[in-house]
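Worksheet: one structure, shown below.
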Amino acid sequence: MKLLLTVFACLVLASPSLPAQGWEWQNPLPHGQGINDITMVDAQTGVAACNNGYYLFTANAGITWSTRRIGRVNIERMLGAPDGSIIAVCDRRRIYRSTDRAYSWDLVYEGFNNGPGQPSDMTKVDANTFVGFLNGAHLVMSDDGGVSWRQITSVNFLGETLYSISAQSPTTWFIVTSRNVIKTSDRGATWQYVNEEFQARGLQRFVYVDSLYGYQLREGQLLRTRDGGENWTEMDIFGFDTVTDLAAGPALGDNVFCLSRGRYLINKSDDAGETWNISLTESAFSGASPNAIAFIDARTGFIAGDGGRILRTVDGGLSWSIVHGIGYIGTVADLLFWNASQGVATTYSSTLLLTSDGGNRWDEAIPSASHSLRHVSRSPEGTLYVVGVTSGNEYDLLRSEDDGLSWTMVSRLPLDYQSNRPEISQSLYARANGEIWIGATYSILLHSTDGGTTWDRSIVGSSIQNPYSTGTDMFFFEPSTVLYIRSNSVEVSTDGGANWESRFTSAGRSLREVQFVSPDVGFALIPMEFARTTNGGESWDISWDFTPSMLHYFNETDGVMLWSSSDEDDLGYLLRTSDAGRSWDRFSLNERVDWSNWFWFDRETAWAYGYGGLIRRTDNGGIASAPSLAALPAVLQLQPGYPNPYSRARHDAVTVPFTLAHPANVTLTLYDMLGRPAATLERSSLGAGTHSILIDRSTLVTLAPGMYLYRIRAGAAVLTGRVHVQ
């Protein structure tokens, strides 16, 4: 028993984790950090590029993935070099290179940083040449496998949006922009517009397998050439949106996999594009998008995208399994907690997320398969209400009396989306005794006193500047004061909504992120600057020349705000005030933050949420406790051994991958479940980086079937895994 407890403790310590910080992930990492690119360096090693410095790493052919980090840059492309090094192309015009299997990184290029700008793209031209553009029209090239880089200055993009760069041959490259196709035939020395040969409209990129055989990826189309681009034939694929990526080449034989957005995600051809079959449908990325595709060979491949989801196939696309990002991955639209444990999150789909343990576990429910869910509110009596919209843009109110487990439709809202002034629900408030308020575009206000069965419709205020910023917030104060926030005014009623007074902002300035803590005291961003009113919105005091993105106040003096520093790679900061915003204390979040909203339960407990299924929680007021920049593993990291289970009839060995932060001698000892050693294997003088030890067949065939433990020792560091022998 003592041995098993020790082993369990070692397994816990071996689990990958991120440094502790103020906001912790509430769903499988890296939800909210969509995967931008995925590449397999070899048959076992792969990396996937995410935002905010995160990337995923696999050492067992994609069976499992661990989360790592470079810094705070968005990683947009990952490419493998012939010498085994890995190139990470990032925003802020930076390129990093790793020579130790993605554990440590060197900054090998940094161009002039002009802000986030456009995305980056890069392609491998030949064995040692990379060419790409960084952050828009900043062209760079490497002739030595990514060790050194230089800028290419022979082409002017005239402010166009760049889509992709690709290579037909070592000398012939293409750049696709929003308006043009640009070509070089001399390795970037000179460039020519070739719009007369290629229609730029709808073209996303070229993918050439060799100098003669290649594809054009377009919106809703896939074209193929077999003569170097002289003639193109449209392929009969099943896709209704943009074709974004394609996998083909000698390692795949005649197999081609086409990635698109729309109803069908993967189309496969096993005859070099002559015929196509559907391999994967949109249900695999419901409410989100796949962004990248990578194949090891004709049978083993991956697609990855929003929400950190990675799908893997080992049968050439006949079936797919989720190997990372299990659970809902679409965007979270609204979130509500009525105590520290119970909460609900709506999504821009028919899926509803429910938790009863403070968000440690989120269960999925579907109130109505025909509705995409929006706002959620809970009455003091405990009734949950949700606004859902149908595919025909009709808005309905749904109700639950059992904390979201079951739902009934209450009524259709009197909103007309089809008119030349589309009426869109933008907020929902459930009050006591069946009173419900809904704000909508064009200053529409819906009011029900019978739980949403019938509605009174009114237009509040006039002379609005931005109809799509109206109806987003309402505030209620006893006994009968209601504040309705429009784009450039606060509408005030002191008789429960029967009559209204308009209080316009100075010069019609827009109100956003508004919060009133009393009928007189309120806070807002006007626009992107902090503002305070003490007279119910009749006038606003604007202070600080900075650009916060979210705010929340607990009372008239204490509040928090989210702000990003453009001088520090958009590093996020939590600002706290105790004097109504006259002064602020600044706390670094140690990362870039792109949240759509947050929900504060009290001063210490809050949830942030947004794109890609992101839900994060803090229990310490949101203050990060430690930096979260990349570092080498603490002496030793252990990845799962494979194959597991091991079959004598099918397998030759068990591979145990591990990573060293420093050079060391390594010993692997195999034990049975009674703690008796069965074999000992040693590796001497290993350098920093990723390695593996093989437990070969000659050892394994001597073992009785059952579970075995293996212990890896590097210096004083010891970690343990297990393998099942059949």
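Every chain in the structure tokens has a letter given in the order shown (A, B, ...), and although residue numbers restart at 1 in each chain, ligands are simply numbered from 1 in the order shown.
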
For Asp143 of chain A, work out the shell of residues within 10 Å, counting only C-alpha atoms and skipping chain neighbours fewer than 6 positions away, then give it as a PyMOL selection string.
-> chain A and resi 125-131+149-150

Report the residues of segment 316-441 of chain A whose backbone DSSP state falls under strand (DSSP E or B), written as JSON, numbers by chain.
-> {"A": [321, 322, 323, 324, 332, 333, 334, 335, 336, 337, 343, 344, 345, 346, 347, 352, 353, 354, 355, 363, 364, 365, 372, 373, 374, 375, 376, 377, 378, 384, 385, 386, 387, 388, 389, 395, 396, 397, 398, 399, 400, 408, 409, 410, 411, 412, 425, 426, 427, 428, 429, 430, 436, 437, 438, 439, 440]}

Please provide as an mmCIF file with C-alpha atoms, in the first residue's frame all residues within 10 Å of Thr494 of chain A, with the sequence filter that same-chain residues fewer than 3 positions apart are discarded (counting only C-alpha atoms).
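selection27.cif, freshly written:
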data_model
loop_
_atom_site.group_PDB
_atom_site.id
_atom_site.type_symbol
_atom_site.label_atom_id
_atom_site.label_comp_id
_atom_site.auth_asym_id
_atom_site.auth_seq_id
_atom_site.Cartn_x
_atom_site.Cartn_y
_atom_site.Cartn_z
ATOM 1 C CA PHE A 476 -33.119 48.997 -10.996
ATOM 2 C CA PHE A 477 -33.280 50.789 -7.646
ATOM 3 C CA GLU A 478 -36.033 50.658 -5.062
ATOM 4 C CA PRO A 479 -38.709 51.725 -4.908
ATOM 5 C CA SER A 480 -39.313 52.495 -8.609
ATOM 6 C CA THR A 481 -36.229 53.965 -10.322
ATOM 7 C CA VAL A 482 -35.113 52.386 -13.604
ATOM 8 C CA LEU A 483 -32.089 53.445 -15.684
ATOM 9 C CA GLY A 497 -40.953 52.665 -16.529
ATOM 10 C CA ALA A 498 -44.160 54.598 -17.192
ATOM 11 C CA ASN A 499 -42.329 57.857 -18.051
ATOM 12 C CA TRP A 500 -38.747 58.559 -19.083
ATOM 13 C CA GLU A 501 -36.269 61.446 -19.023
ATOM 14 C CA PRO A 519 -29.553 56.204 -8.949
#

Distance query segment 49-64 of chain A at most 8 Å, only C-alpha atoms, self and fewer than 3 positions along chain excluded, as number ranges by chain = A: 30, 33-38, 43-46, 67-78, 88, 102, 308, 312, 323-324, 591-593, 639-642, 657

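Look at Asp315 of chain A: the protein and nucleic acid residues within 10 Å of it, using only C-alpha atoms and passing over chain neighbours fewer than 6 places away, are Ala298, Arg299, Thr300 and Gly301 of chain A.
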
A:Glu538, A:Asp585, A:Glu364, A:Glu381 ranked by distance to Met561 of chain A, top pick (using only C-alpha atoms) |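 Looking only at the distances to Met561 of chain A, the closest residue turns out to be A:Asp585.
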
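Distance annotation: of A:Leu107, A:Val460, A:Thr702, A:Gly22, the residue with the minimal separation from Ser588 of chain A is A:Gly22; atom set is only C-alpha atoms.
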